[in-house]
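Trainee: Below is the file query26.csv, which contains CSV, C-alpha atoms.
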```
chain,number,residue,atom,x,y,z
A,1,MET,CA,-6.6,6.9,-7.0
A,2,THR,CA,-9.6,4.7,-7.9
A,3,SER,CA,-9.7,1.3,-9.5
A,4,SER,CA,-11.0,2.4,-12.8
A,5,LEU,CA,-8.1,4.3,-14.2
A,6,ALA,CA,-8.5,3.6,-17.9
A,7,PRO,CA,-11.0,6.0,-19.6
A,8,THR,CA,-12.0,5.6,-23.3
A,9,PRO,CA,-13.1,8.4,-25.6
A,10,MET,CA,-16.7,7.6,-24.7
A,11,ASP,CA,-16.2,8.0,-20.9
A,12,PRO,CA,-18.1,10.7,-19.2
A,13,ALA,CA,-16.2,13.6,-17.8
A,14,PRO,CA,-14.5,12.7,-14.6
A,15,SER,CA,-15.7,14.2,-11.3
A,16,VAL,CA,-13.3,17.0,-10.4
A,17,ASP,CA,-13.8,16.6,-6.6
A,18,ARG,CA,-12.3,13.1,-6.8
A,19,ALA,CA,-8.9,14.4,-7.8
A,20,VAL,CA,-5.8,13.0,-6.3
A,21,GLU,CA,-3.1,15.6,-5.4
A,22,ILE,CA,0.6,14.7,-5.4
A,23,VAL,CA,3.7,16.7,-4.8
A,24,ALA,CA,6.8,15.3,-6.4
A,25,LYS,CA,9.5,14.7,-3.8
A,26,ILE,CA,13.1,13.8,-4.0
A,27,ARG,CA,14.8,11.6,-6.6
A,28,VAL,CA,12.4,12.3,-9.4
A,29,ASP,CA,14.1,15.0,-11.4
A,30,GLY,CA,13.9,14.2,-15.2
A,31,LEU,CA,11.6,11.3,-14.8
A,32,ARG,CA,8.8,11.1,-17.4
A,33,LEU,CA,5.3,11.9,-16.1
A,34,ASP,CA,3.9,8.5,-17.1
A,35,GLN,CA,6.8,6.7,-15.5
A,36,TYR,CA,6.4,8.6,-12.3
A,37,LEU,CA,2.6,7.9,-12.1
A,38,VAL,CA,3.2,4.2,-12.7
A,39,SER,CA,5.6,4.3,-9.7
A,40,VAL,CA,3.0,6.1,-7.6
A,41,PHE,CA,0.1,3.8,-8.7
A,42,PRO,CA,1.8,0.4,-9.4
A,43,ASP,CA,-1.5,-1.4,-10.0
A,44,TYR,CA,-1.8,0.3,-13.4
A,45,SER,CA,0.2,-0.3,-16.5
A,46,ARG,CA,2.1,2.4,-18.3
A,47,SER,CA,-0.3,2.2,-21.2
A,48,VAL,CA,-3.3,2.7,-18.9
A,49,VAL,CA,-1.7,5.8,-17.3
A,50,GLN,CA,-0.9,7.2,-20.7
A,51,ARG,CA,-4.5,7.0,-21.7
A,52,VAL,CA,-5.5,8.9,-18.6
A,53,ILE,CA,-3.0,11.6,-19.4
A,54,ALA,CA,-4.1,11.7,-23.1
A,55,ASN,CA,-7.7,12.2,-22.0
A,56,GLY,CA,-6.7,15.3,-20.0
A,57,GLY,CA,-6.9,13.6,-16.6
A,58,VAL,CA,-3.5,14.9,-15.3
A,59,ALA,CA,-2.2,18.4,-14.7
A,60,VAL,CA,1.2,19.5,-13.6
A,61,ASN,CA,1.5,22.8,-11.8
A,62,GLY,CA,-2.0,23.7,-13.1
A,63,LYS,CA,-1.4,22.9,-16.7
A,64,GLN,CA,-2.4,19.7,-18.7
A,65,ALA,CA,0.7,17.7,-19.4
A,66,LYS,CA,1.9,15.1,-21.9
A,67,SER,CA,3.2,11.7,-21.0
A,68,SER,CA,6.7,12.8,-21.9
A,69,HIS,CA,6.7,15.8,-19.5
A,70,LYS,CA,9.8,15.7,-17.3
A,71,ILE,CA,8.9,15.8,-13.6
A,72,ARG,CA,10.9,18.1,-11.3
A,73,HIS,CA,11.2,18.1,-7.5
A,74,GLY,CA,8.3,20.1,-6.0
A,75,ASP,CA,5.9,19.8,-9.0
A,76,HIS,CA,2.2,19.7,-8.1
A,77,ILE,CA,0.5,16.9,-9.9
A,78,ARG,CA,-3.3,16.5,-10.0
A,79,VAL,CA,-4.8,13.3,-11.3
A,80,VAL,CA,-8.5,13.2,-12.0
A,81,PRO,CA,-9.6,9.6,-12.5
A,82,PRO,CA,-12.8,8.7,-14.3
A,83,GLU,CA,-15.9,7.7,-12.4
A,84,PRO,CA,-15.6,4.2,-10.9
A,85,THR,CA,-17.2,1.3,-12.7
A,86,HIS,CA,-17.5,-0.7,-9.5
A,87,PRO,CA,-19.2,0.1,-6.1
A,88,LEU,CA,-17.0,1.9,-3.6
A,89,PRO,CA,-15.5,-0.5,-1.0
A,90,VAL,CA,-17.9,-1.1,1.9
A,91,ALA,CA,-17.1,-2.1,5.5
A,92,GLU,CA,-16.8,-5.8,6.0
A,93,ASN,CA,-16.5,-7.6,9.3
A,94,ILE,CA,-13.2,-9.3,8.6
A,95,PRO,CA,-11.1,-10.0,11.6
A,96,ILE,CA,-7.7,-8.3,11.7
A,97,GLU,CA,-5.0,-8.2,14.3
A,98,ILE,CA,-4.3,-4.6,15.4
A,99,LEU,CA,-0.7,-4.3,16.7
A,100,PHE,CA,-0.9,-0.6,17.5
A,101,GLU,CA,-3.4,2.2,17.3
A,102,ASP,CA,-3.8,5.9,18.2
A,103,GLU,CA,-5.8,8.8,16.8
A,104,PHE,CA,-3.3,9.3,13.9
A,105,LEU,CA,-2.4,5.8,12.6
A,106,ALA,CA,-2.8,2.1,13.2
A,107,VAL,CA,-0.5,-0.8,12.5
A,108,VAL,CA,-2.0,-4.2,11.6
A,109,ASN,CA,-0.8,-7.7,11.0
A,110,LYS,CA,-2.1,-8.4,7.5
A,111,PRO,CA,-2.8,-12.1,7.0
A,112,ALA,CA,-1.7,-14.0,3.9
A,113,ASP,CA,-4.2,-14.4,1.1
A,114,MET,CA,-5.6,-10.9,1.5
A,115,VAL,CA,-5.3,-8.2,-1.1
A,116,VAL,CA,-4.5,-4.8,0.3
A,117,HIS,CA,-7.1,-2.8,-1.6
A,118,PRO,CA,-9.9,-3.4,-4.2
A,119,ALA,CA,-8.7,-3.9,-7.7
A,120,LYS,CA,-9.6,-6.0,-10.8
A,121,GLY,CA,-10.8,-9.4,-9.7
A,122,HIS,CA,-10.8,-8.4,-6.0
A,123,TRP,CA,-13.7,-6.0,-5.2
A,124,SER,CA,-14.4,-7.3,-1.7
A,125,GLY,CA,-12.6,-9.1,1.1
A,126,THR,CA,-9.6,-6.7,1.0
A,127,LEU,CA,-7.8,-5.1,3.8
A,128,VAL,CA,-9.5,-1.8,3.0
A,129,ASN,CA,-12.9,-3.5,3.4
A,130,ALA,CA,-11.8,-4.7,6.8
A,131,LEU,CA,-10.3,-1.3,7.8
A,132,ARG,CA,-13.5,0.5,7.0
A,133,PHE,CA,-15.3,-1.8,9.5
A,134,HIS,CA,-12.7,-1.5,12.3
A,135,PHE,CA,-11.9,2.2,12.1
A,136,ASP,CA,-14.2,5.2,12.1
A,137,HIS,CA,-11.7,7.4,10.2
A,138,LEU,CA,-9.2,6.7,7.4
A,139,SER,CA,-7.2,9.0,5.2
A,140,GLU,CA,-8.7,9.5,1.8
A,141,ILE,CA,-5.6,11.1,0.3
A,142,ASN,CA,-5.3,8.2,-2.2
A,143,GLY,CA,-9.0,7.9,-2.9
A,144,ASP,CA,-11.8,5.7,-1.7
A,145,TYR,CA,-10.3,2.4,-3.0
A,146,ARG,CA,-7.1,2.9,-1.0
A,147,ALA,CA,-8.4,4.5,2.1
A,148,GLY,CA,-5.7,4.6,4.8
A,149,ILE,CA,-3.2,2.7,2.7
A,150,VAL,CA,0.3,4.2,2.9
A,151,HIS,CA,2.3,1.2,1.6
A,152,ARG,CA,1.5,-2.3,0.4
A,153,LEU,CA,2.3,-6.0,0.8
A,154,ASP,CA,1.7,-8.7,-1.8
A,155,ARG,CA,-1.4,-10.7,-1.4
A,156,ASP,CA,0.4,-13.8,0.0
A,157,THR,CA,2.8,-11.8,2.1
A,158,SER,CA,1.8,-11.5,5.7
A,159,GLY,CA,2.9,-9.1,8.3
A,160,VAL,CA,3.2,-5.5,9.5
A,161,ILE,CA,1.4,-2.7,7.5
A,162,ILE,CA,0.8,0.9,8.5
A,163,VAL,CA,-2.6,2.5,8.1
A,164,ALA,CA,-3.1,6.3,8.2
A,165,LYS,CA,-6.3,7.7,9.8
A,166,GLU,CA,-6.0,11.2,8.6
A,167,GLU,CA,-4.4,13.1,5.7
A,168,GLN,CA,-1.5,14.9,7.3
A,169,THR,CA,-0.2,11.7,8.9
A,170,HIS,CA,-0.6,10.0,5.6
A,171,ARG,CA,1.6,12.6,3.9
A,172,ASP,CA,4.2,12.5,6.6
A,173,MET,CA,4.4,8.7,6.5
A,174,SER,CA,4.6,8.7,2.8
A,175,LEU,CA,7.6,11.1,3.0
A,176,LEU,CA,9.3,8.9,5.5
A,177,PHE,CA,9.0,5.9,3.1
A,178,GLU,CA,10.2,8.0,0.2
A,179,GLN,CA,13.2,9.2,2.2
A,180,ARG,CA,13.9,5.6,3.3
A,181,LYS,CA,13.5,6.5,7.0
A,182,VAL,CA,11.2,3.5,7.6
A,183,PHE,CA,13.3,0.4,8.6
A,184,LYS,CA,11.7,-2.8,7.2
A,185,GLU,CA,12.6,-6.3,8.1
A,186,TYR,CA,11.2,-9.4,6.5
A,187,VAL,CA,11.8,-13.1,7.2
A,188,ALA,CA,11.6,-15.8,4.5
A,189,LEU,CA,12.1,-19.5,4.0
A,190,ALA,CA,14.2,-19.9,0.9
A,191,ALA,CA,15.0,-22.9,-1.3
A,192,GLY,CA,18.6,-24.1,-1.2
A,193,VAL,CA,21.4,-23.4,1.2
A,194,ILE,CA,22.6,-19.8,1.1
A,195,ASP,CA,26.4,-20.0,1.5
A,196,ARG,CA,27.2,-16.5,2.8
A,197,ASP,CA,26.1,-15.5,6.3
A,198,SER,CA,25.1,-12.0,5.1
A,199,ASP,CA,25.4,-10.0,1.9
A,200,TYR,CA,23.7,-7.4,-0.3
A,201,ILE,CA,21.7,-8.2,-3.4
A,202,GLU,CA,21.8,-5.3,-5.9
A,203,GLY,CA,20.0,-5.5,-9.1
A,204,ARG,CA,17.8,-3.2,-11.1
A,205,ILE,CA,14.2,-4.4,-11.2
A,206,ALA,CA,11.9,-4.1,-14.2
A,207,HIS,CA,8.7,-5.7,-15.5
A,208,HIS,CA,9.3,-9.0,-17.2
A,209,PRO,CA,9.4,-8.6,-21.0
A,210,HIS,CA,7.0,-11.6,-21.6
A,211,ASP,CA,5.1,-12.2,-18.3
A,212,ARG,CA,3.0,-9.3,-17.1
A,213,ILE,CA,2.7,-10.8,-13.6
A,214,LYS,CA,6.5,-11.1,-13.0
A,215,MET,CA,9.3,-8.7,-12.3
A,216,THR,CA,12.9,-9.4,-13.3
A,217,VAL,CA,16.4,-8.2,-12.6
A,218,THR,CA,18.0,-6.5,-15.6
A,219,ASP,CA,21.4,-5.2,-16.6
A,220,ASP,CA,20.0,-3.1,-19.4
A,221,GLU,CA,21.0,0.5,-18.5
A,222,GLU,CA,18.8,1.8,-21.2
A,223,ASP,CA,15.6,0.2,-19.8
A,224,GLU,CA,13.5,3.2,-18.6
A,225,ASP,CA,11.3,0.9,-16.7
A,226,ALA,CA,14.1,-0.5,-14.5
A,227,LYS,CA,14.6,0.9,-11.0
A,228,ASP,CA,17.6,0.5,-8.8
A,229,ALA,CA,17.0,-1.9,-5.9
A,230,CYS,CA,19.1,-3.2,-3.0
A,231,SER,CA,18.3,-5.8,-0.4
A,232,TYR,CA,20.5,-6.8,2.6
A,233,TYR,CA,20.1,-10.4,3.9
A,234,GLU,CA,21.4,-12.3,6.9
A,235,VAL,CA,21.0,-16.1,7.4
A,236,ILE,CA,19.1,-17.0,10.6
A,237,GLU,CA,19.2,-20.8,10.3
A,238,ARG,CA,20.3,-23.3,7.7
A,239,PHE,CA,18.8,-26.7,6.9
A,240,ARG,CA,19.6,-29.4,4.4
A,241,GLY,CA,18.3,-27.9,1.2
A,242,PHE,CA,16.7,-24.8,2.8
A,243,THR,CA,17.5,-21.5,4.5
A,244,PHE,CA,15.7,-19.3,7.0
A,245,VAL,CA,16.8,-15.8,6.2
A,246,ARG,CA,16.2,-12.2,7.4
A,247,VAL,CA,15.9,-9.6,4.6
A,248,GLN,CA,16.0,-5.8,5.0
A,249,PRO,CA,15.1,-4.1,1.7
A,250,ARG,CA,16.8,-0.7,1.3
A,251,THR,CA,14.4,0.2,-1.5
A,252,GLY,CA,10.7,-0.7,-2.0
A,253,ARG,CA,10.3,-2.1,-5.5
A,254,THR,CA,7.4,-4.4,-6.6
A,255,HIS,CA,8.2,-8.0,-5.6
A,256,GLN,CA,11.7,-6.9,-4.6
A,257,ILE,CA,12.6,-9.6,-2.1
A,258,ARG,CA,11.0,-12.3,-4.1
A,259,VAL,CA,12.8,-11.2,-7.3
A,260,HIS,CA,16.2,-10.7,-5.6
A,261,LEU,CA,16.2,-14.1,-3.8
A,262,ALA,CA,15.1,-15.9,-7.0
A,263,ASN,CA,17.9,-14.1,-8.9
A,264,ILE,CA,20.6,-15.5,-6.6
A,265,GLY,CA,19.1,-19.0,-7.0
A,266,HIS,CA,17.2,-19.2,-3.7
A,267,PRO,CA,13.5,-18.4,-4.4
A,268,VAL,CA,11.0,-18.0,-1.5
A,269,LEU,CA,9.4,-21.3,-0.8
A,270,ALA,CA,5.9,-21.9,-2.3
A,271,ASP,CA,6.2,-18.7,-4.4
A,272,LYS,CA,4.5,-20.0,-7.5
A,273,VAL,CA,5.5,-17.0,-9.6
A,274,TYR,CA,9.3,-17.2,-9.0
A,275,SER,CA,9.8,-20.8,-7.8
A,276,GLY,CA,7.2,-22.6,-9.9
A,277,ARG,CA,5.6,-24.3,-6.8
A,278,ASP,CA,2.7,-23.1,-4.7
A,279,ARG,CA,3.0,-25.4,-1.7
A,280,ILE,CA,5.5,-27.4,0.4
A,281,CYS,CA,4.4,-30.7,1.8
A,282,LEU,CA,6.0,-32.9,4.5
A,283,SER,CA,6.9,-35.4,1.7
A,284,ASP,CA,9.1,-32.7,0.2
A,285,LEU,CA,11.2,-32.8,3.4
A,286,VAL,CA,10.9,-36.6,4.1
A,287,PRO,CA,11.1,-38.5,0.8
A,288,GLY,CA,9.2,-41.8,0.9
A,289,ILE,CA,7.0,-40.8,3.7
A,290,ASP,CA,3.7,-42.8,4.0
A,291,PRO,CA,1.1,-40.9,1.9
A,292,GLU,CA,-1.4,-41.4,4.7
A,293,VAL,CA,0.6,-39.1,7.1
A,294,ASP,CA,1.7,-36.6,4.4
A,295,GLU,CA,0.4,-33.1,4.8
A,296,VAL,CA,0.6,-29.6,3.4
A,297,LEU,CA,2.9,-27.5,5.5
A,298,LEU,CA,2.8,-24.3,3.5
A,299,ALA,CA,0.3,-23.2,0.8
A,300,ARG,CA,1.5,-19.7,0.3
A,301,GLN,CA,4.8,-17.9,-0.2
A,302,ALA,CA,7.0,-18.1,2.9
A,303,LEU,CA,7.6,-14.4,3.2
A,304,HIS,CA,6.5,-12.4,6.3
A,305,ALA,CA,6.9,-8.6,7.0
A,306,PHE,CA,8.3,-9.1,10.5
A,307,ARG,CA,9.3,-5.7,11.8
A,308,LEU,CA,8.8,-2.0,11.1
A,309,ARG,CA,10.8,0.8,12.8
A,310,PHE,CA,10.0,4.5,12.2
A,311,ARG,CA,9.6,7.7,14.1
A,312,HIS,CA,6.0,8.6,14.7
A,313,PRO,CA,5.1,11.4,12.3
A,314,ARG,CA,3.0,13.3,14.8
A,315,ARG,CA,4.4,12.4,18.2
A,316,GLY,CA,8.0,12.1,17.3
A,317,ASN,CA,8.7,9.0,19.3
A,318,LEU,CA,10.5,6.0,17.9
A,319,MET,CA,8.2,3.1,17.1
A,320,GLU,CA,9.3,-0.5,16.6
A,321,ILE,CA,6.5,-3.0,15.9
A,322,GLU,CA,6.7,-6.7,15.2
A,323,ALA,CA,4.2,-9.2,13.8
A,324,PRO,CA,4.6,-12.7,15.2
A,325,LEU,CA,5.4,-15.5,12.7
A,326,PRO,CA,2.2,-17.0,11.3
A,327,PRO,CA,1.4,-20.6,12.2
A,328,GLU,CA,2.1,-22.1,8.8
A,329,ILE,CA,5.6,-20.7,8.7
A,330,GLN,CA,6.2,-21.8,12.3
A,331,LYS,CA,4.9,-25.3,11.4
A,332,THR,CA,7.3,-25.5,8.4
A,333,LEU,CA,10.2,-24.4,10.6
A,334,THR,CA,9.4,-27.1,13.1
A,335,ALA,CA,9.3,-29.7,10.4
A,336,LEU,CA,12.7,-28.5,9.0
A,337,ARG,CA,14.3,-28.6,12.4
A,338,GLN,CA,13.0,-32.1,12.9
A,339,HIS,CA,13.7,-33.6,9.5
A,340,ARG,CA,16.3,-31.4,7.8
A,341,LYS,CA,18.9,-30.4,10.4
A,342,ALA,CA,22.0,-29.0,8.8
```
Starting from the file, lay out its structure as structure tokens.

Mentor:
Amino acid sequence: MTSSLAPTPMDPAPSVDRAVEIVAKIRVDGLRLDQYLVSVFPDYSRSVVQRVIANGGVAVNGKQAKSSHKIRHGDHIRVVPPEPTHPLPVAENIPIEILFEDEFLAVVNKPADMVVHPAKGHWSGTLVNALRFHFDHLSEINGDYRAGIVHRLDRDTSGVIIVAKEEQTHRDMSLLFEQRKVFKEYVALAAGVIDRDSDYIEGRIAHHPHDRIKMTVTDDEEDEDAKDACSYYEVIERFRGFTFVRVQPRTGRTHQIRVHLANIGHPVLADKVYSGRDRICLSDLVPGIDPEVDEVLLARQALHAFRLRFRHPRRGNLMEIEAPLPPEIQKTLTALRQHRKA
């Protein structure tokens, strides 16, 4: 789907050859069409998606549908977005670390402070711009703005991300994610000392009622926006006032790990949205340190997609790919071990 998903009554007719085709898979029976499309295209609000549907831009099994239409397993959904209002993403010579590559897919180590695909406020410098430079072919199944993108990481989350080079591989990988057959492991530095060595965090995640940027855990069973979410965590190392933790999300909700850790009182370090701070300095670990030797250790959220394990959708072999810890997280760990030993 493209970046300009919000038509108005004055918009020109959308180009039919730019349609995005979707087949509804498992666990969607009875879900409203607008809710389902928001889950498929999380960059867009429900009201924006509803305008697209009202303007005739969505068909289910060949017929125009309403927002309230109930989706069933196997439904064929066709979304025709309006013409883009911004130039299509161009190739940009942005260095990226390629962890694996064959003719079907690639796995890259996304750096922090990089948006995955063009969207409002970020029309260049994205991972897609970099991918277009480094690879001759990318899957166009999700449109030009998301070429090759099978799944996403938040802007300030670094680590392993899969890129599809052609359409069938993209479909197969998407199904593996939907069936929860892709093992994901993150590492994070969290505020406070987590007391249990390991545990599950279960909490339904929904959009925050007053802050459009944030997600929240809700107990409201009537909230149609809320989605079940589960994260397993295991403590790697404890420090005085901090914890280095491994997290394996069993579901893939927006901001899931960040929301779940914040909900148990241990937000990810330097996560401005959920912890209120956007950096960690040496003086935060060593009170009273000489200001002349103080330094910023971490200026982005301390969350890293460390490992992915999945069966190659075309070759069938088991893949396990890791992205090394970025220097700023390593530096913070070194400082914690030096100054905040448990």

Trainee: For the atom pair atom CA of Arg32 of chain A and atom CA of Ala147 of chain A, what is the interatomic distance in Å to one decimal place?

Mentor: 26.8 Å

Trainee: For atom CA of Ala323 of chain A and atom CA of Ser158 of chain A, quote the distance in Å rounded to one decimal.

Mentor: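 Computing it gives 8.8 Å between the two atoms.
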
Trainee: Which residues are close to segment 108-110 of chain A, i.e. within 9 Å by all atoms listed in the file, leaving aside same-chain residues fewer than 5 positions away? Reply as a list in words.

Mentor: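 These residues fall inside the cut-off: Ile96, Glu97, Ile98, Leu99, Phe100, Glu101, Val116, Leu127, Leu153, Thr157, Ser158, Gly159, Val160, Ile161, Ile162, Val163, Ala305, Glu322, Ala323 and Pro324 of chain A.
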
Trainee: May I have the selected residues written with C-alpha atoms, as a PDB file, keeping the file's coordinate frame?

Mentor:
```pdb
ATOM      1  CA  ILE A  96      -7.700  -8.300  11.700  1.00  0.00           C
ATOM      2  CA  GLU A  97      -5.000  -8.200  14.300  1.00  0.00           C
ATOM      3  CA  ILE A  98      -4.300  -4.600  15.400  1.00  0.00           C
ATOM      4  CA  LEU A  99      -0.700  -4.300  16.700  1.00  0.00           C
ATOM      5  CA  PHE A 100      -0.900  -0.600  17.500  1.00  0.00           C
ATOM      6  CA  GLU A 101      -3.400   2.200  17.300  1.00  0.00           C
ATOM      7  CA  VAL A 116      -4.500  -4.800   0.300  1.00  0.00           C
ATOM      8  CA  LEU A 127      -7.800  -5.100   3.800  1.00  0.00           C
ATOM      9  CA  LEU A 153       2.300  -6.000   0.800  1.00  0.00           C
ATOM     10  CA  THR A 157       2.800 -11.800   2.100  1.00  0.00           C
ATOM     11  CA  SER A 158       1.800 -11.500   5.700  1.00  0.00           C
ATOM     12  CA  GLY A 159       2.900  -9.100   8.300  1.00  0.00           C
ATOM     13  CA  VAL A 160       3.200  -5.500   9.500  1.00  0.00           C
ATOM     14  CA  ILE A 161       1.400  -2.700   7.500  1.00  0.00           C
ATOM     15  CA  ILE A 162       0.800   0.900   8.500  1.00  0.00           C
ATOM     16  CA  VAL A 163      -2.600   2.500   8.100  1.00  0.00           C
ATOM     17  CA  ALA A 305       6.900  -8.600   7.000  1.00  0.00           C
ATOM     18  CA  GLU A 322       6.700  -6.700  15.200  1.00  0.00           C
ATOM     19  CA  ALA A 323       4.200  -9.200  13.800  1.00  0.00           C
ATOM     20  CA  PRO A 324       4.600 -12.700  15.200  1.00  0.00           C
TER      21      PRO A 324
END
```

Trainee: Nearest to Phe310 of chain A among A:Val217, A:Val247, A:Leu176, A:Ala229, with distances taken over all atoms listed in the file: which residue is it?

Mentor: A:Leu176

Trainee: Give the answer as one residue: which of A:Ala59, A:Ala91, A:Ala302, A:Val48 has the shortest atom-to-atom distance to Asp154 of chain A, using all atoms listed in the file?

Mentor: A:Ala302

Trainee: Which of these residues is nearest to Val79 of chain A, using all atoms listed in the file: A:Ala19, A:Ile205, A:Lys66, A:Val128?

Mentor: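 Counting all atoms listed in the file, the residue closest to Val79 of chain A is A:Ala19.
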
Trainee: Quick one: distance from atom CA of Ser198 of chain A to atom CA of Thr334 of chain A in Å, one decimal?

Mentor: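 Answer for the atom CA of Ser198 of chain A to atom CA of Thr334 of chain A separation: 23.2 Å.
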